[in-house]
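Peer 1: So here's data00.pdb, just PDB, C-alpha atoms:
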```
MODEL        1
ATOM      1  CA  MET A   1      34.357 228.410  84.565
ATOM      2  CA  ALA A   2      34.434 226.893  88.018
ATOM      3  CA  ASP A   3      35.205 223.393  86.712
ATOM      4  CA  GLN A   4      38.743 224.410  85.608
ATOM      5  CA  ASP A   5      40.169 223.323  88.972
ATOM      6  CA  PRO A   6      42.459 220.318  88.191
ATOM      7  CA  THR A   7      41.378 218.538  91.386
ATOM      8  CA  LYS A   8      37.706 218.754  90.398
ATOM      9  CA  SER A   9      38.506 217.608  86.881
ATOM     10  CA  TYR A  10      40.490 214.630  88.182
ATOM     11  CA  LEU A  11      37.752 213.753  90.668
ATOM     12  CA  ARG A  12      35.080 213.918  87.965
ATOM     13  CA  GLY A  13      37.184 211.649  85.743
ATOM     14  CA  ALA A  14      37.664 209.137  88.552
ATOM     15  CA  ILE A  15      33.920 209.138  89.280
ATOM     16  CA  VAL A  16      33.044 208.582  85.628
ATOM     17  CA  TRP A  17      35.631 205.786  85.421
ATOM     18  CA  MET A  18      34.209 204.112  88.560
ATOM     19  CA  ASP A  19      30.634 204.392  87.299
ATOM     20  CA  GLN A  20      31.662 203.069  83.893
ATOM     21  CA  ALA A  21      33.580 200.128  85.388
ATOM     22  CA  VAL A  22      30.624 199.204  87.610
ATOM     23  CA  LEU A  23      28.292 199.340  84.602
ATOM     24  CA  VAL A  24      30.524 197.126  82.446
ATOM     25  CA  VAL A  25      30.963 194.534  85.196
ATOM     26  CA  LEU A  26      27.229 194.408  85.930
ATOM     27  CA  VAL A  27      26.348 194.149  82.229
ATOM     28  CA  LEU A  28      28.813 191.274  81.794
ATOM     29  CA  LEU A  29      27.425 189.515  84.875
ATOM     30  CA  SER A  30      23.923 190.043  83.504
ATOM     31  CA  LEU A  31      24.937 188.457  80.205
ATOM     32  CA  GLY A  32      26.347 185.547  82.205
ATOM     33  CA  GLY A  33      22.982 185.133  83.902
ATOM     34  CA  LEU A  34      21.197 185.268  80.557
ATOM     35  CA  ALA A  35      23.557 182.597  79.215
ATOM     36  CA  ILE A  36      22.722 180.422  82.212
ATOM     37  CA  SER A  37      19.045 181.025  81.432
ATOM     38  CA  ALA A  38      19.628 179.903  77.868
ATOM     39  CA  PHE A  39      21.458 176.691  78.753
ATOM     40  CA  ALA A  40      20.557 175.670  82.348
ATOM     41  CA  ILE A  41      17.018 176.883  82.996
ATOM     42  CA  GLU A  42      16.596 175.048  86.292
ATOM     43  CA  ASP A  43      19.497 176.890  87.954
ATOM     44  CA  ASP A  44      19.122 180.461  86.718
ATOM     45  CA  TYR A  45      16.968 181.694  89.599
ATOM     46  CA  LEU A  46      19.870 180.950  91.985
ATOM     47  CA  TYR A  47      22.161 183.071  89.820
ATOM     48  CA  TRP A  48      19.784 186.050  89.944
ATOM     49  CA  LEU A  49      19.475 185.657  93.713
ATOM     50  CA  ALA A  50      23.271 185.816  94.002
ATOM     51  CA  MET A  51      23.329 188.943  91.835
ATOM     52  CA  ILE A  52      21.292 191.007  94.300
ATOM     53  CA  PRO A  53      24.210 191.640  96.708
ATOM     54  CA  VAL A  54      26.552 192.130  93.741
ATOM     55  CA  PHE A  55      24.265 194.784  92.243
ATOM     56  CA  GLY A  56      23.912 196.290  95.721
ATOM     57  CA  LEU A  57      27.689 196.543  96.020
ATOM     58  CA  GLY A  58      27.873 198.148  92.572
ATOM     59  CA  ALA A  59      25.229 200.652  93.620
ATOM     60  CA  ILE A  60      27.158 201.434  96.814
ATOM     61  CA  LEU A  61      30.329 202.059  94.792
ATOM     62  CA  SER A  62      28.475 204.346  92.392
ATOM     63  CA  SER A  63      26.659 206.133  95.225
ATOM     64  CA  TRP A  64      29.912 206.612  97.094
ATOM     65  CA  SER A  65      31.630 208.092  94.048
ATOM     66  CA  GLN A  66      28.702 210.488  93.547
ATOM     67  CA  ALA A  67      28.733 211.432  97.222
ATOM     68  CA  ARG A  68      32.434 212.271  97.070
ATOM     69  CA  ARG A  69      31.735 214.658  94.238
ATOM     70  CA  THR A  70      28.699 216.410  95.675
ATOM     71  CA  GLN A  71      29.068 216.632  99.461
ATOM     72  CA  SER A  72      31.521 218.270 101.798
ATOM     73  CA  ASP A  73      30.442 216.296 104.890
ATOM     74  CA  GLU A  74      31.594 212.984 103.427
ATOM     75  CA  THR A  75      31.410 210.841 106.588
ATOM     76  CA  HIS A  76      27.755 211.658 107.255
ATOM     77  CA  ASN A  77      26.896 211.265 103.598
ATOM     78  CA  ILE A  78      28.568 207.840 103.291
ATOM     79  CA  LYS A  79      26.691 206.545 106.333
ATOM     80  CA  ARG A  80      23.439 207.842 104.854
ATOM     81  CA  LEU A  81      24.044 206.345 101.413
ATOM     82  CA  LEU A  82      24.997 202.979 102.933
ATOM     83  CA  TRP A  83      21.763 202.994 104.904
ATOM     84  CA  ILE A  84      19.698 203.909 101.821
ATOM     85  CA  GLU A  85      21.380 201.240  99.693
ATOM     86  CA  LEU A  86      20.975 198.585 102.396
ATOM     87  CA  LEU A  87      17.263 199.401 102.652
ATOM     88  CA  HIS A  88      16.854 199.440  98.870
ATOM     89  CA  TRP A  89      18.633 196.158  98.181
ATOM     90  CA  GLY A  90      17.269 194.575 101.359
ATOM     91  CA  GLY A  91      13.781 195.267 100.004
ATOM     92  CA  THR A  92      14.814 193.693  96.724
ATOM     93  CA  LEU A  93      16.075 190.636  98.572
ATOM     94  CA  ALA A  94      12.799 190.402 100.529
ATOM     95  CA  ALA A  95      10.812 190.456  97.266
ATOM     96  CA  VAL A  96      13.025 187.721  95.830
ATOM     97  CA  ILE A  97      12.559 185.628  98.970
ATOM     98  CA  GLY A  98       8.832 185.989  98.303
ATOM     99  CA  VAL A  99       9.434 184.595  94.806
ATOM    100  CA  PHE A 100      11.327 181.669  96.362
ATOM    101  CA  LEU A 101       8.336 181.030  98.611
ATOM    102  CA  LEU A 102       5.990 181.088  95.617
ATOM    103  CA  ARG A 103       8.335 178.691  93.814
ATOM    104  CA  TYR A 104       8.449 176.400  96.844
ATOM    105  CA  LEU A 105       4.636 176.421  97.027
ATOM    106  CA  GLN A 106       4.643 175.577  93.292
ATOM    107  CA  ALA A 107       2.781 178.749  92.390
ATOM    108  CA  LEU A 108       5.717 179.469  90.045
ATOM    109  CA  ASN A 109       7.897 177.043  88.106
ATOM    110  CA  ASP A 110      11.690 177.490  87.888
ATOM    111  CA  PRO A 111      11.736 179.452  84.594
ATOM    112  CA  GLY A 112       8.870 181.663  85.792
ATOM    113  CA  ALA A 113      10.576 182.299  89.124
ATOM    114  CA  ALA A 114      13.793 183.263  87.340
ATOM    115  CA  LEU A 115      11.956 185.746  85.100
ATOM    116  CA  VAL A 116      10.175 187.319  88.060
ATOM    117  CA  MET A 117      13.493 187.623  89.923
ATOM    118  CA  LEU A 118      15.071 189.204  86.870
ATOM    119  CA  LEU A 119      12.205 191.701  86.629
ATOM    120  CA  ILE A 120      12.536 192.537  90.335
ATOM    121  CA  LEU A 121      16.267 193.093  89.835
ATOM    122  CA  ALA A 122      15.528 195.186  86.730
ATOM    123  CA  LEU A 123      13.038 197.396  88.571
ATOM    124  CA  SER A 124      15.290 197.808  91.621
ATOM    125  CA  THR A 125      18.237 198.710  89.413
ATOM    126  CA  TYR A 126      16.180 201.155  87.356
ATOM    127  CA  LEU A 127      14.721 202.881  90.424
ATOM    128  CA  ASN A 128      18.129 203.077  92.100
ATOM    129  CA  GLY A 129      19.422 204.737  88.951
ATOM    130  CA  ILE A 130      16.937 207.575  89.335
ATOM    131  CA  ARG A 131      18.775 208.482  92.527
ATOM    132  CA  ILE A 132      22.394 207.603  91.783
ATOM    133  CA  GLY A 133      22.780 208.064  88.033
ATOM    134  CA  TRP A 134      21.491 207.278  84.579
ATOM    135  CA  ARG A 135      23.797 204.282  84.079
ATOM    136  CA  PHE A 136      21.881 202.247  86.658
ATOM    137  CA  SER A 137      18.548 203.241  85.112
ATOM    138  CA  LEU A 138      19.858 202.204  81.709
ATOM    139  CA  LEU A 139      21.066 198.892  83.158
ATOM    140  CA  GLY A 140      17.659 198.327  84.761
ATOM    141  CA  ALA A 141      15.938 198.963  81.430
ATOM    142  CA  PHE A 142      18.338 196.501  79.779
ATOM    143  CA  LEU A 143      17.504 193.837  82.380
ATOM    144  CA  GLY A 144      13.774 194.393  81.906
ATOM    145  CA  ILE A 145      14.090 194.105  78.125
ATOM    146  CA  ALA A 146      16.244 191.002  78.578
ATOM    147  CA  ALA A 147      13.545 189.386  80.736
ATOM    148  CA  ILE A 148      10.945 190.003  78.037
ATOM    149  CA  LEU A 149      13.319 188.734  75.327
ATOM    150  CA  THR A 150      13.938 185.597  77.391
ATOM    151  CA  ALA A 151      10.221 184.903  77.514
ATOM    152  CA  TYR A 152       9.381 185.683  73.888
ATOM    153  CA  VAL A 153      12.432 185.052  71.719
ATOM    154  CA  GLU A 154      13.783 181.523  71.430
ATOM    155  CA  ARG A 155      17.349 182.620  70.678
ATOM    156  CA  PHE A 156      17.460 185.711  72.826
ATOM    157  CA  LEU A 157      21.140 185.619  73.801
ATOM    158  CA  PRO A 158      22.551 187.142  70.570
ATOM    159  CA  VAL A 159      19.986 189.959  70.708
ATOM    160  CA  ALA A 160      20.701 190.571  74.401
ATOM    161  CA  THR A 161      24.438 190.593  73.668
ATOM    162  CA  LEU A 162      23.972 193.217  70.945
ATOM    163  CA  LEU A 163      21.873 195.309  73.334
ATOM    164  CA  ALA A 164      24.559 194.980  76.015
ATOM    165  CA  ILE A 165      27.260 196.110  73.595
ATOM    166  CA  ALA A 166      25.102 199.054  72.513
ATOM    167  CA  LEU A 167      24.497 199.990  76.168
ATOM    168  CA  ILE A 168      28.212 199.930  76.983
ATOM    169  CA  LEU A 169      29.155 201.890  73.847
ATOM    170  CA  PHE A 170      26.453 204.473  74.561
ATOM    171  CA  SER A 171      27.729 204.849  78.112
ATOM    172  CA  PHE A 172      31.319 205.296  76.915
ATOM    173  CA  HIS A 173      30.139 207.841  74.352
ATOM    174  CA  GLN A 174      28.223 209.792  76.988
ATOM    175  CA  SER A 175      31.270 209.688  79.281
ATOM    176  CA  GLN A 176      33.390 211.362  76.628
ATOM    177  CA  ARG A 177      31.019 214.296  76.201
ATOM    178  CA  LYS A 178      31.889 217.515  77.987
ATOM    179  CA  PRO A 179      29.321 218.183  80.710
ATOM    180  CA  HIS A 180      27.562 221.524  80.519
ATOM    181  CA  LYS A 181      26.842 221.568  84.217
ATOM    182  CA  THR A 182      27.578 218.990  86.871
ATOM    183  CA  SER A 183      24.450 217.598  88.493
ATOM    184  CA  SER A 184      23.923 215.162  91.331
ATOM    185  CA  HIS A 185      22.522 212.629  88.862
ATOM    186  CA  GLY A 186      25.313 212.877  86.327
ATOM    187  CA  GLY A 187      26.848 209.490  87.158
TER     188      GLY A 187
ENDMDL
END
```
Can you present the structure in this file as structure tokens?

Peer 2:
Amino acid sequence: MADQDPTKSYLRGAIVWMDQAVLVVLVLLSLGGLAISAFAIEDDYLYWLAMIPVFGLGAILSSWSQARRTQSDETHNIKRLLWIELLHWGGTLAAVIGVFLLRYLQALNDPGAALVMLLILALSTYLNGIRIGWRFSLLGAFLGIAAILTAYVERFLPVATLLAIALILFSFHQSQRKPHKTSSHGG
């Protein structure tokens, strides 16, 4: 087996730890945003706006850890991944600015604007996960489900919290499994 090299094993462990830490932090921040939605509806759209660069930074950390594992020309690869992430999250920010404009023009109210921003963040996170690893896709799906719960379930926070715990436990469980083969989307 080629994966018996202790350096590769250590590197894989560090990458999984980094990806796991990013996931946990982003899930906890997402729960914070959902709590704001539950108790201070008029301010939650500002929270989701602030989360775009935070999620972008998390994606850069995860992308960087994946790049370290898969590429030998690390400098070129890091520049490329930074460019891709800046374009991806810049597009997300542009869409959210469009939501702000719609809110300003009173085409959307504050709760509606917050839900649209959350769905944009969910979609961006999910799509980024297709490229950088399943944890981001899972987080994007969680955010999308949370947006729907927010709209349809009066007391959505306990359900969202249970989903967040399940997501984190599933991710930890998957991290403990021995990989059969290392892929570029394993993160």

Peer 1: Please enumerate the residues selected by the PyMOL selection byres ((chain A and resi 38) around 10) when evaluated against the supplied file, formatted as a PyMOL selection string.

Peer 2: chain A and resi 32-37+39-41+44+150+154-157

Peer 1: Nearest residue to Phe55 of chain A out of A:Leu108, A:Ser124, A:Phe172, A:Ala95, using all atoms listed in the file?

Peer 2: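 For Phe55 of chain A, the nearest of the candidates is A:Ser124.
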
Peer 1: If you measure from atom CA of Leu82 of chain A to atom CA of Ser65 of chain A, what distance in Å do you get, rounded to one decimal?

Peer 2: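 These atoms are spaced 12.2 Å apart.
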
Peer 1: Hey, what's within 10 Å of Ala147 of chain A if we count all atoms listed in the file and toss same-chain stuff fewer than 3 positions away? As a list in words, please?

Peer 2: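 Listed by chain and then number, they are Leu34, Ala114, Leu115, Val116, Met117, Leu118, Leu119, Ala122, Ala141, Phe142, Leu143, Gly144, Thr150, Ala151, Tyr152, Phe156 and Ala160 of chain A.
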
Peer 1: I want to know what sits within 7 Å of Ser62 of chain A, based on all atoms listed in the file, with residues of the same chain fewer than 6 positions away left out; could you give that as a list of chain:residue names?

Peer 2: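 The residues that qualify are A:Met18, A:Asp19, A:Ile132.
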
Peer 1: Pick the closest to Arg131 of chain A from A:Ile84, A:Leu29, A:Val54, A:Val99: which is it, counting only C-alpha atoms?

Peer 2: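 Answer, going by the shortest atom-to-atom distance: A:Ile84.
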
Peer 1: Could you check the closest approach to Ser63 of chain A for each of A:Ala107, A:Ile130, A:Leu139, A:Leu28 and tell me which residue wins, using all atoms listed in the file?

Peer 2: A:Ile130
